[in-house]
file start.cif (mmCIF, C-alpha atoms and all ligand atoms)
data_data
#
loop_
_atom_site.label_atom_id
_atom_site.label_comp_id
_atom_site.auth_asym_id
_atom_site.auth_seq_id
_atom_site.Cartn_x
_atom_site.Cartn_y
_atom_site.Cartn_z
CA MET A 13 119.36 100.94 113.86
CA TYR A 14 121.75 103.63 114.99
CA ASN A 15 124.83 102.14 116.63
CA ASP A 16 126.69 105.30 117.57
CA ASN A 17 126.53 107.08 120.90
CA LEU A 18 123.06 108.35 121.85
CA ASN A 19 124.82 111.36 123.40
CA ASN A 20 125.30 112.67 119.85
CA ILE A 21 121.56 113.15 119.56
CA VAL A 22 120.28 116.66 120.03
CA ILE A 23 116.68 117.22 121.13
CA ARG A 24 115.39 120.66 120.21
CA ARG A 25 112.25 122.56 119.32
CA ILE A 26 111.03 122.83 115.74
CA LYS A 27 112.25 126.11 114.25
CA ASN A 28 111.55 126.64 110.58
CA GLU A 29 110.16 125.31 107.32
CA ASP A 30 113.21 123.10 106.65
CA ASP A 31 112.50 121.35 109.95
CA LEU A 32 108.89 120.95 108.95
CA ARG A 33 109.84 119.41 105.59
CA ALA A 34 112.06 116.86 107.36
CA VAL A 35 109.22 116.02 109.77
CA TYR A 36 106.83 115.60 106.83
CA ILE A 37 109.16 113.06 105.19
CA ILE A 38 109.39 111.04 108.43
CA GLU A 39 105.61 111.32 108.79
CA GLN A 40 105.07 109.87 105.31
CA MET A 41 107.49 107.00 105.99
CA SER A 42 105.81 106.22 109.30
CA PHE A 43 102.03 106.28 108.86
CA ASN A 44 99.46 104.96 106.38
CA ASN A 45 97.43 108.13 106.95
CA PRO A 46 100.12 110.76 107.50
CA TYR A 47 99.30 114.28 108.62
CA SER A 48 99.37 116.70 105.70
CA PHE A 49 102.16 119.27 105.44
CA GLU A 50 99.56 121.98 106.07
CA LEU A 51 98.32 120.34 109.27
CA LEU A 52 101.88 119.84 110.53
CA SER A 53 102.53 123.49 109.76
CA ILE A 54 99.49 124.62 111.75
CA LEU A 55 100.43 122.36 114.67
CA SER A 56 104.02 123.59 114.68
CA ASN A 57 102.82 127.21 114.79
CA LEU A 58 100.31 126.55 117.56
CA HIS A 59 102.53 124.27 119.64
CA TYR A 60 106.11 125.22 118.79
CA GLU A 61 107.14 124.83 122.46
CA THR A 62 106.00 121.22 122.53
CA PHE A 63 106.99 120.09 119.04
CA LEU A 64 110.40 118.52 119.56
CA LEU A 65 112.89 117.07 117.08
CA ALA A 66 115.70 114.54 117.43
CA GLU A 67 118.71 115.43 115.33
CA ILE A 68 122.05 113.72 114.58
CA ASP A 69 124.75 115.61 112.67
CA HIS A 70 122.13 118.19 111.54
CA ARG A 71 119.89 115.43 110.19
CA ILE A 72 116.40 115.26 111.66
CA ILE A 73 115.56 111.64 112.50
CA GLY A 74 112.45 111.85 114.62
CA TYR A 75 109.87 114.03 116.27
CA ILE A 76 107.33 114.18 119.07
CA MET A 77 104.42 116.54 119.37
CA PHE A 78 102.39 116.96 122.53
CA ILE A 79 100.05 119.45 124.15
CA ILE A 80 98.78 120.43 127.58
CA GLN A 81 95.01 120.19 128.02
CA ARG A 82 93.01 121.94 130.73
CA ASN A 83 96.21 122.76 132.61
CA TYR A 84 96.62 119.28 134.05
CA LEU A 85 96.77 116.70 131.27
CA GLY A 86 99.66 116.06 128.90
CA HIS A 87 98.57 114.58 125.57
CA ILE A 88 100.94 112.97 123.08
CA ILE A 89 99.61 113.86 119.64
CA SER A 90 102.25 112.11 117.54
CA ILE A 91 105.69 110.51 117.66
CA ALA A 92 107.67 108.99 114.79
CA ILE A 93 111.25 108.02 114.03
CA ASP A 94 112.97 107.68 110.66
CA PRO A 95 112.82 103.91 109.93
CA LEU A 96 116.61 103.79 109.49
CA TYR A 97 117.09 104.93 113.08
CA ARG A 98 114.44 102.91 114.88
CA ARG A 99 115.11 100.60 117.81
CA SER A 100 118.02 102.72 118.99
CA GLY A 101 116.33 104.47 121.91
CA ILE A 102 115.55 107.69 120.04
CA ALA A 103 111.79 107.70 120.62
CA SER A 104 112.49 106.92 124.28
CA LYS A 105 114.75 109.95 124.41
CA LEU A 106 112.09 112.18 122.80
CA MET A 107 109.48 110.92 125.24
CA GLU A 108 111.81 111.61 128.16
CA ALA A 109 112.26 115.19 126.92
CA ALA A 110 108.47 115.57 126.62
CA GLU A 111 107.96 114.21 130.14
CA ASP A 112 110.64 116.54 131.54
CA HIS A 113 108.90 119.52 129.92
CA LEU A 114 105.52 118.46 131.34
CA LYS A 115 106.86 117.76 134.82
CA LYS A 116 108.38 121.24 134.94
CA LYS A 117 104.89 122.59 134.23
CA GLY A 118 103.47 120.50 137.09
CA ILE A 119 101.60 118.09 134.81
CA LEU A 120 100.79 114.81 136.55
CA VAL A 121 99.09 112.70 133.88
CA LEU A 122 100.07 111.83 130.32
CA ARG A 123 97.61 110.40 127.84
CA LEU A 124 97.76 109.13 124.26
CA GLU A 125 95.82 107.11 121.73
CA ALA A 126 97.30 104.29 119.67
CA ARG A 127 95.71 102.27 116.89
CA VAL A 128 94.69 98.92 118.33
CA SER A 129 96.61 97.30 115.44
CA ASN A 130 99.82 99.26 116.14
CA LEU A 131 101.43 96.58 118.26
CA ILE A 132 104.92 98.08 118.01
CA ALA A 133 103.73 101.43 119.36
CA ARG A 134 101.77 99.68 122.11
CA LYS A 135 104.89 97.72 123.15
CA PHE A 136 106.91 100.89 123.06
CA TYR A 137 104.47 102.74 125.33
CA LEU A 138 104.18 99.81 127.75
CA LYS A 139 107.98 99.67 127.98
CA LEU A 140 107.97 103.36 128.89
CA GLY A 141 105.51 102.82 131.73
CA PHE A 142 102.19 103.65 130.08
CA LYS A 143 99.19 101.56 131.17
CA ASN A 144 96.35 100.37 128.98
CA GLY A 145 93.25 102.49 129.63
CA TYR A 146 90.17 101.96 127.48
CA ILE A 147 89.11 101.49 123.86
CA ILE A 148 87.41 104.19 121.77
CA PRO A 149 85.60 102.42 118.91
CA ASN A 150 85.70 103.99 115.42
CA TYR A 151 88.29 106.56 116.47
CA TYR A 152 90.20 106.67 113.18
CA THR A 153 88.84 107.59 109.77
CA ASN A 154 89.09 103.97 108.54
CA GLY A 155 86.88 102.88 111.45
CA GLU A 156 89.71 101.45 113.53
CA SER A 157 89.49 101.64 117.32
CA ALA A 158 91.95 103.51 119.49
CA LEU A 159 93.49 102.23 122.68
CA VAL A 160 93.84 105.06 125.20
CA MET A 161 96.92 104.72 127.38
CA PHE A 162 97.97 106.69 130.46
CA LYS A 163 101.07 107.34 132.47
CA LEU A 164 101.38 109.06 135.84
CA LEU A 165 104.36 111.40 135.93
CA LYS A 166 106.45 111.48 139.07
CA GLN A 167 107.07 114.98 140.27
CA GLU A 168 110.66 115.90 141.05
CA LYS A 169 111.18 117.11 144.59
C1 LIG B 201 106.94 103.43 117.80
C2 LIG B 201 108.25 104.15 117.44
C3 LIG B 201 108.03 105.66 117.64
C4 LIG B 201 109.36 103.64 118.38
O1 LIG B 201 110.55 104.36 118.08
P1 LIG B 201 112.03 103.78 118.41
O2 LIG B 201 112.98 104.91 118.41
O3 LIG B 201 112.30 102.64 117.52
O4 LIG B 201 111.81 103.24 119.91
P2 LIG B 201 112.95 102.90 121.00
O5 LIG B 201 114.19 102.45 120.30
O6 LIG B 201 113.05 104.04 121.95
O7 LIG B 201 112.28 101.62 121.71
C5 LIG B 201 112.06 101.52 123.11
C6 LIG B 201 111.37 100.19 123.38
O8 LIG B 201 110.11 100.10 122.68
C7 LIG B 201 109.89 98.73 122.26
N1 LIG B 201 109.95 98.65 120.79
C8 LIG B 201 110.30 99.62 119.92
N2 LIG B 201 110.24 99.15 118.65
C9 LIG B 201 109.88 97.86 118.74
C10 LIG B 201 109.65 96.84 117.76
N3 LIG B 201 109.82 97.07 116.46
N4 LIG B 201 109.26 95.62 118.19
C11 LIG B 201 109.08 95.36 119.50
N5 LIG B 201 109.28 96.29 120.49
C12 LIG B 201 109.66 97.52 120.10
C13 LIG B 201 111.04 97.91 122.86
O9 LIG B 201 110.64 97.52 124.16
C14 LIG B 201 112.14 98.97 122.92
O10 LIG B 201 113.14 98.65 123.88
P3 LIG B 201 114.33 97.66 123.46
O11 LIG B 201 114.85 98.09 122.12
O12 LIG B 201 115.32 97.84 124.59
O13 LIG B 201 113.73 96.29 123.42
C15 LIG B 201 108.70 103.83 115.98
O14 LIG B 201 108.61 102.43 115.75
C16 LIG B 201 107.88 104.54 114.92
O15 LIG B 201 108.21 105.66 114.49
N6 LIG B 201 106.79 103.89 114.44
C17 LIG B 201 105.95 104.47 113.38
C18 LIG B 201 105.14 105.63 113.90
C19 LIG B 201 104.20 105.21 115.04
O16 LIG B 201 103.59 104.15 115.03
N7 LIG B 201 104.09 106.11 116.05
C20 LIG B 201 103.24 105.87 117.20
C21 LIG B 201 101.86 106.31 116.89
S1 LIG B 201 100.73 105.88 118.21
#
call {"tool": "encode", "arguments": {"input": "start.cif", "output": "C-alpha cells"}}
result
Amino acid sequence: MYNDNLNNIVIRRIKNEDDLRAVYIIEQMSFNNPYSFELLSILSNLHYETFLLAEIDHRIIGYIMFIIQRNYLGHIISIAIDPLYRRSGIASKLMEAAEDHLKKKGILVLRLEARVSNLIARKFYLKLGFKNGYIIPNYYTNGESALVMFKLLKQEK
C-alpha cells in the first residue's frame, strides 16, 4: 500500500528496454502464466502509444496495455501493479489514463477478459464501472473460462 500523495505518480508511455524489464518483473509477480519478455517486447513495439506505465520517483510500479480494434472498440489486454503498491488507487489511475486516451479517439466501448477465478480483478473492474458480459469457456491455456466485461465510455462534450 502506497500512503503518499497519488499526485506524485507519473503516467507515461513505455520508452525503452529498461522500462520493459521493469514491466516484466511486475508481470512475473502478478500472474501465474506471465507474458514472456519477448511477447511484452513485441506488444510494446506494436502498441507503444497504448502501453502506459505508472512511475513513482523513477520506479515503475504498474502498467496497462490496451488496443483499439476495428476503430470503435477499446480492449484492455493487461493491467498489473507491483504488489507492494496495490490498493492505493494506482490501477484506477492507469485505467483513467487509458479511458482518456480512448475517449479522445472517439472510442465508445471498452472490453476486457478476466479469469473467472480472479475475484480481485473482477471487483476492481466492477468498481470502475465495468459490467459483466458473458463467459467464454476454455479461454485460457489451463482450460479456465474468461468473463468478458464491458464499459461504455462517456464522450466529453
Ligand atoms: C487488479 C489490480 C490491477 C488492482 O490494482 P490496484 O492498484 O490495487 O487497484 P486500486 O487500488 O485502483 O483499486 C480500486 C478498487 O478495486 C477494488 N480492489 C482492488 N484490489 C482489491 C482487493 N485486493 N480486494 C478487494 N477489492 C479490491 C476495490 O474496490 C478498490 O477500491 P478501494 O480500495 O477504494 O476499496 C491488482 O490487484 C493486480 O495487479 N493484480 C494482479 C494482476 C491482475 O490480476 N490483473 C488483472 C488481469 S484481468
call {"tool": "closest_atom_pairs", "arguments": {"input": "start.cif", "of": "chain A", "to": "ligand LIG 201 (chain B)", "cutoff": "8 Å", "atoms": "all atoms listed in the file", "output": "tab-separated table"}}
result
residue	atom	partner	partner_atom	distance
A:Glu39	CA	B:LIG201	C18	7.7
A:Met41	CA	B:LIG201	C17	8.0
A:Ser42	CA	B:LIG201	C17	4.4
A:Phe43	CA	B:LIG201	C18	6.0
A:Gly74	CA	B:LIG201	O15	7.5
A:Ser90	CA	B:LIG201	C21	5.8
A:Ile91	CA	B:LIG201	N7	5.0
A:Ala92	CA	B:LIG201	O15	3.4
A:Ile93	CA	B:LIG201	O15	3.9
A:Asp94	CA	B:LIG201	O15	6.4
A:Pro95	CA	B:LIG201	O15	6.7
A:Tyr97	CA	B:LIG201	O2	6.7
A:Arg98	CA	B:LIG201	O3	3.4
A:Arg99	CA	B:LIG201	O5	3.2
A:Ser100	CA	B:LIG201	O5	4.1
A:Gly101	CA	B:LIG201	O6	3.3
A:Ile102	CA	B:LIG201	O2	4.1
A:Ala103	CA	B:LIG201	O2	3.8
A:Ser104	CA	B:LIG201	O6	3.7
A:Lys105	CA	B:LIG201	O6	6.6
A:Leu124	CA	B:LIG201	S1	7.5
A:Glu125	CA	B:LIG201	S1	6.2
A:Ala126	CA	B:LIG201	S1	4.1
A:Arg127	CA	B:LIG201	S1	6.3
A:Asn130	CA	B:LIG201	O16	6.3
A:Leu131	CA	B:LIG201	C11	7.8
A:Ile132	CA	B:LIG201	C10	4.9
A:Ala133	CA	B:LIG201	C1	4.1
A:Arg134	CA	B:LIG201	S1	7.4
A:Lys135	CA	B:LIG201	C7	5.2
A:Phe136	CA	B:LIG201	O8	3.3
A:Tyr137	CA	B:LIG201	O8	6.8
A:Leu138	CA	B:LIG201	O9	7.7
A:Lys139	CA	B:LIG201	O9	5.1
A:Leu140	CA	B:LIG201	C6	7.2
call {"tool": "closest_residue", "arguments": {"input": "start.cif", "among": "A:Ile73, A:Leu165, A:Ile119, A:Leu55", "to": "Ile37 of chain A", "atoms": "all atoms listed in the file"}}
result
A:Ile73
call {"tool": "atom_distance", "arguments": {"input": "start.cif", "atom1": "atom CA of Phe78 of chain A", "atom2": "atom CA of His59 of chain A"}}
result
7.9 Å
call {"tool": "closest_residue", "arguments": {"input": "start.cif", "among": "A:Val35, A:Ile148, A:Ile23, A:Ala158", "to": "Ser129 of chain A", "atoms": "all atoms listed in the file"}}
result
A:Ala158
call {"tool": "atom_distance", "arguments": {"input": "start.cif", "atom1": "atom CA of Leu65 of chain A", "atom2": "atom CA of Leu120 of chain A"}}
result
23.0 Å
call {"tool": "residues_around", "arguments": {"input": "start.cif", "residues": "segment 18-22 of chain A", "least_positions_apart": "6", "cutoff": "7 Å", "atoms": "all atoms listed in the file", "output": "PDB file with C-alpha atoms, in the coordinates of the input"}}
result
ATOM      1  CA  ALA A  66     115.700 114.540 117.430  1.00  0.00           C
ATOM      2  CA  GLU A  67     118.710 115.430 115.330  1.00  0.00           C
ATOM      3  CA  ILE A  68     122.050 113.720 114.580  1.00  0.00           C
TER       4      ILE A  68
END
call {"tool": "atom_distance", "arguments": {"input": "start.cif", "atom1": "atom CA of Leu114 of chain A", "atom2": "atom CA of Ile80 of chain A"}}
result
8.0 Å
call {"tool": "axis_aligned_box", "arguments": {"input": "start.cif", "around": "segment 128-146 of chain A", "padding_each_side": "3 Å", "output": "AutoDock Vina command-line options"}}
result
--center_x 99.1 --center_y 100.1 --center_z 123.6 --size_x 23.8 --size_y 13.1 --size_z 22.3
call {"tool": "closest_residue", "arguments": {"input": "start.cif", "among": "A:Asn83, A:Arg123, A:Lys166, A:Asp112", "to": "Tyr146 of chain A", "atoms": "all atoms listed in the file"}}
result
A:Arg123
call {"tool": "closest_residue", "arguments": {"input": "start.cif", "among": "A:Ile72, A:Leu58, A:Leu96, A:Pro46", "to": "Asp30 of chain A", "atoms": "all atoms listed in the file"}}
result
A:Ile72
call {"tool": "residues_around", "arguments": {"input": "start.cif", "residues": "Lys27 of chain A", "least_positions_apart": "3", "cutoff": "12 Å", "atoms": "only C-alpha atoms", "output": "list in words"}}
result
Arg24, Asp30, Asp31, Leu32, Arg33, Ala34, Val35, Ser53, Ser56, Asn57, His59, Tyr60, Glu61, Thr62, Phe63, Leu64, Leu65 and Ile72 of chain A
call {"tool": "closest_residue", "arguments": {"input": "start.cif", "among": "A:Gln81, A:Lys116, A:Ala110, A:Ile89", "to": "Leu52 of chain A", "atoms": "only C-alpha atoms"}}
result
A:Ile89
call {"tool": "decode", "arguments": {"input": "start.cif", "residues": "segment 104-147 of chain A", "atoms": "N, CA and C atoms", "output": "PDB file, in the first residue's frame"}}
result
ATOM      1  N   SER A 104      -6.433   2.205 -10.796  1.00  0.00           N
ATOM      2  CA  SER A 104      -7.551   3.090 -11.180  1.00  0.00           C
ATOM      3  C   SER A 104      -7.036   4.268 -11.996  1.00  0.00           C
ATOM      4  N   LYS A 105      -5.885   4.773 -11.564  1.00  0.00           N
ATOM      5  CA  LYS A 105      -5.287   5.922 -12.281  1.00  0.00           C
ATOM      6  C   LYS A 105      -4.846   5.528 -13.697  1.00  0.00           C
ATOM      7  N   LEU A 106      -4.264   4.332 -13.823  1.00  0.00           N
ATOM      8  CA  LEU A 106      -3.852   3.849 -15.149  1.00  0.00           C
ATOM      9  C   LEU A 106      -5.074   3.653 -16.047  1.00  0.00           C
ATOM     10  N   MET A 107      -6.135   3.101 -15.469  1.00  0.00           N
ATOM     11  CA  MET A 107      -7.340   2.876 -16.273  1.00  0.00           C
ATOM     12  C   MET A 107      -7.940   4.206 -16.716  1.00  0.00           C
ATOM     13  N   GLU A 108      -7.895   5.191 -15.832  1.00  0.00           N
ATOM     14  CA  GLU A 108      -8.424   6.521 -16.184  1.00  0.00           C
ATOM     15  C   GLU A 108      -7.635   7.101 -17.362  1.00  0.00           C
ATOM     16  N   ALA A 109      -6.314   6.915 -17.320  1.00  0.00           N
ATOM     17  CA  ALA A 109      -5.468   7.420 -18.417  1.00  0.00           C
ATOM     18  C   ALA A 109      -5.815   6.690 -19.717  1.00  0.00           C
ATOM     19  N   ALA A 110      -6.040   5.379 -19.623  1.00  0.00           N
ATOM     20  CA  ALA A 110      -6.404   4.605 -20.819  1.00  0.00           C
ATOM     21  C   ALA A 110      -7.742   5.101 -21.365  1.00  0.00           C
ATOM     22  N   GLU A 111      -8.697   5.307 -20.466  1.00  0.00           N
ATOM     23  CA  GLU A 111     -10.025   5.762 -20.911  1.00  0.00           C
ATOM     24  C   GLU A 111      -9.938   7.151 -21.546  1.00  0.00           C
ATOM     25  N   ASP A 112      -9.131   8.034 -20.956  1.00  0.00           N
ATOM     26  CA  ASP A 112      -8.965   9.372 -21.533  1.00  0.00           C
ATOM     27  C   ASP A 112      -8.424   9.278 -22.963  1.00  0.00           C
ATOM     28  N   HIS A 113      -7.403   8.426 -23.130  1.00  0.00           N
ATOM     29  CA  HIS A 113      -6.807   8.237 -24.464  1.00  0.00           C
ATOM     30  C   HIS A 113      -7.880   7.764 -25.446  1.00  0.00           C
ATOM     31  N   LEU A 114      -8.669   6.769 -25.024  1.00  0.00           N
ATOM     32  CA  LEU A 114      -9.671   6.190 -25.928  1.00  0.00           C
ATOM     33  C   LEU A 114     -10.771   7.198 -26.250  1.00  0.00           C
ATOM     34  N   LYS A 115     -11.192   7.947 -25.231  1.00  0.00           N
ATOM     35  CA  LYS A 115     -12.264   8.926 -25.466  1.00  0.00           C
ATOM     36  C   LYS A 115     -11.823   9.971 -26.488  1.00  0.00           C
ATOM     37  N   LYS A 116     -10.532  10.367 -26.369  1.00  0.00           N
ATOM     38  CA  LYS A 116     -10.026  11.364 -27.334  1.00  0.00           C
ATOM     39  C   LYS A 116     -10.063  10.826 -28.754  1.00  0.00           C
ATOM     40  N   LYS A 117      -9.985   9.500 -28.888  1.00  0.00           N
ATOM     41  CA  LYS A 117     -10.046   8.880 -30.223  1.00  0.00           C
ATOM     42  C   LYS A 117     -11.487   8.567 -30.621  1.00  0.00           C
ATOM     43  N   GLY A 118     -12.444   8.960 -29.784  1.00  0.00           N
ATOM     44  CA  GLY A 118     -13.852   8.727 -30.115  1.00  0.00           C
ATOM     45  C   GLY A 118     -14.331   7.312 -29.853  1.00  0.00           C
ATOM     46  N   ILE A 119     -13.579   6.564 -29.041  1.00  0.00           N
ATOM     47  CA  ILE A 119     -13.981   5.173 -28.753  1.00  0.00           C
ATOM     48  C   ILE A 119     -15.080   5.166 -27.694  1.00  0.00           C
ATOM     49  N   LEU A 120     -16.115   4.369 -27.948  1.00  0.00           N
ATOM     50  CA  LEU A 120     -17.304   4.394 -27.082  1.00  0.00           C
ATOM     51  C   LEU A 120     -17.396   3.194 -26.147  1.00  0.00           C
ATOM     52  N   VAL A 121     -16.747   2.091 -26.521  1.00  0.00           N
ATOM     53  CA  VAL A 121     -16.918   0.856 -25.754  1.00  0.00           C
ATOM     54  C   VAL A 121     -15.552   0.275 -25.385  1.00  0.00           C
ATOM     55  N   LEU A 122     -15.465  -0.168 -24.129  1.00  0.00           N
ATOM     56  CA  LEU A 122     -14.228  -0.782 -23.638  1.00  0.00           C
ATOM     57  C   LEU A 122     -14.554  -2.202 -23.216  1.00  0.00           C
ATOM     58  N   ARG A 123     -13.665  -3.124 -23.597  1.00  0.00           N
ATOM     59  CA  ARG A 123     -13.912  -4.536 -23.329  1.00  0.00           C
ATOM     60  C   ARG A 123     -12.671  -5.150 -22.688  1.00  0.00           C
ATOM     61  N   LEU A 124     -12.859  -6.189 -21.905  1.00  0.00           N
ATOM     62  CA  LEU A 124     -11.712  -6.938 -21.371  1.00  0.00           C
ATOM     63  C   LEU A 124     -12.163  -8.342 -21.004  1.00  0.00           C
ATOM     64  N   GLU A 125     -11.187  -9.216 -20.795  1.00  0.00           N
ATOM     65  CA  GLU A 125     -11.469 -10.550 -20.291  1.00  0.00           C
ATOM     66  C   GLU A 125     -10.742 -10.710 -18.957  1.00  0.00           C
ATOM     67  N   ALA A 126     -11.413 -11.344 -18.004  1.00  0.00           N
ATOM     68  CA  ALA A 126     -10.768 -11.663 -16.725  1.00  0.00           C
ATOM     69  C   ALA A 126     -10.998 -13.147 -16.439  1.00  0.00           C
ATOM     70  N   ARG A 127      -9.984 -13.776 -15.812  1.00  0.00           N
ATOM     71  CA  ARG A 127     -10.206 -15.154 -15.386  1.00  0.00           C
ATOM     72  C   ARG A 127     -11.387 -15.181 -14.430  1.00  0.00           C
ATOM     73  N   VAL A 128     -12.253 -16.164 -14.595  1.00  0.00           N
ATOM     74  CA  VAL A 128     -13.410 -16.280 -13.712  1.00  0.00           C
ATOM     75  C   VAL A 128     -12.945 -16.349 -12.254  1.00  0.00           C
ATOM     76  N   SER A 129     -11.791 -16.963 -12.009  1.00  0.00           N
ATOM     77  CA  SER A 129     -11.289 -17.119 -10.626  1.00  0.00           C
ATOM     78  C   SER A 129     -10.629 -15.848 -10.079  1.00  0.00           C
ATOM     79  N   ASN A 130     -10.407 -14.857 -10.923  1.00  0.00           N
ATOM     80  CA  ASN A 130      -9.679 -13.654 -10.482  1.00  0.00           C
ATOM     81  C   ASN A 130     -10.659 -12.654  -9.845  1.00  0.00           C
ATOM     82  N   LEU A 131     -11.057 -12.992  -8.633  1.00  0.00           N
ATOM     83  CA  LEU A 131     -12.125 -12.220  -7.988  1.00  0.00           C
ATOM     84  C   LEU A 131     -11.678 -10.790  -7.682  1.00  0.00           C
ATOM     85  N   ILE A 132     -10.393 -10.616  -7.392  1.00  0.00           N
ATOM     86  CA  ILE A 132      -9.901  -9.257  -7.096  1.00  0.00           C
ATOM     87  C   ILE A 132     -10.019  -8.381  -8.341  1.00  0.00           C
ATOM     88  N   ALA A 133      -9.572  -8.919  -9.478  1.00  0.00           N
ATOM     89  CA  ALA A 133      -9.671  -8.145 -10.726  1.00  0.00           C
ATOM     90  C   ALA A 133     -11.140  -7.851 -11.037  1.00  0.00           C
ATOM     91  N   ARG A 134     -11.993  -8.837 -10.848  1.00  0.00           N
ATOM     92  CA  ARG A 134     -13.417  -8.632 -11.158  1.00  0.00           C
ATOM     93  C   ARG A 134     -14.006  -7.523 -10.279  1.00  0.00           C
ATOM     94  N   LYS A 135     -13.616  -7.523  -8.980  1.00  0.00           N
ATOM     95  CA  LYS A 135     -14.110  -6.454  -8.090  1.00  0.00           C
ATOM     96  C   LYS A 135     -13.587  -5.106  -8.545  1.00  0.00           C
ATOM     97  N   PHE A 136     -12.313  -5.118  -8.914  1.00  0.00           N
ATOM     98  CA  PHE A 136     -11.689  -3.877  -9.382  1.00  0.00           C
ATOM     99  C   PHE A 136     -12.451  -3.321 -10.596  1.00  0.00           C
ATOM    100  N   TYR A 137     -12.716  -4.174 -11.573  1.00  0.00           N
ATOM    101  CA  TYR A 137     -13.396  -3.695 -12.788  1.00  0.00           C
ATOM    102  C   TYR A 137     -14.828  -3.236 -12.480  1.00  0.00           C
ATOM    103  N   LEU A 138     -15.516  -3.985 -11.617  1.00  0.00           N
ATOM    104  CA  LEU A 138     -16.890  -3.572 -11.259  1.00  0.00           C
ATOM    105  C   LEU A 138     -16.859  -2.201 -10.602  1.00  0.00           C
ATOM    106  N   LYS A 139     -15.862  -2.001  -9.707  1.00  0.00           N
ATOM    107  CA  LYS A 139     -15.769  -0.700  -9.025  1.00  0.00           C
ATOM    108  C   LYS A 139     -15.591   0.430 -10.042  1.00  0.00           C
ATOM    109  N   LEU A 140     -14.856   0.111 -11.131  1.00  0.00           N
ATOM    110  CA  LEU A 140     -14.597   1.149 -12.133  1.00  0.00           C
ATOM    111  C   LEU A 140     -15.731   1.310 -13.144  1.00  0.00           C
ATOM    112  N   GLY A 141     -16.811   0.575 -12.964  1.00  0.00           N
ATOM    113  CA  GLY A 141     -17.973   0.783 -13.826  1.00  0.00           C
ATOM    114  C   GLY A 141     -18.122  -0.220 -14.954  1.00  0.00           C
ATOM    115  N   PHE A 142     -17.268  -1.256 -14.974  1.00  0.00           N
ATOM    116  CA  PHE A 142     -17.460  -2.310 -15.975  1.00  0.00           C
ATOM    117  C   PHE A 142     -18.666  -3.163 -15.569  1.00  0.00           C
ATOM    118  N   LYS A 143     -19.331  -3.730 -16.586  1.00  0.00           N
ATOM    119  CA  LYS A 143     -20.459  -4.636 -16.339  1.00  0.00           C
ATOM    120  C   LYS A 143     -20.076  -6.035 -16.802  1.00  0.00           C
ATOM    121  N   ASN A 144     -20.606  -7.036 -16.082  1.00  0.00           N
ATOM    122  CA  ASN A 144     -20.383  -8.414 -16.502  1.00  0.00           C
ATOM    123  C   ASN A 144     -21.069  -8.652 -17.841  1.00  0.00           C
ATOM    124  N   GLY A 145     -20.344  -9.261 -18.786  1.00  0.00           N
ATOM    125  CA  GLY A 145     -20.917  -9.558 -20.099  1.00  0.00           C
ATOM    126  C   GLY A 145     -21.263 -11.023 -20.210  1.00  0.00           C
ATOM    127  N   TYR A 146     -20.349 -11.809 -20.738  1.00  0.00           N
ATOM    128  CA  TYR A 146     -20.625 -13.243 -20.929  1.00  0.00           C
ATOM    129  C   TYR A 146     -19.349 -14.040 -20.665  1.00  0.00           C
ATOM    130  N   ILE A 147     -19.547 -15.362 -20.580  1.00  0.00           N
ATOM    131  CA  ILE A 147     -18.422 -16.271 -20.282  1.00  0.00           C
ATOM    132  C   ILE A 147     -17.920 -16.889 -21.585  1.00  0.00           C
TER     133      ILE A 147
END
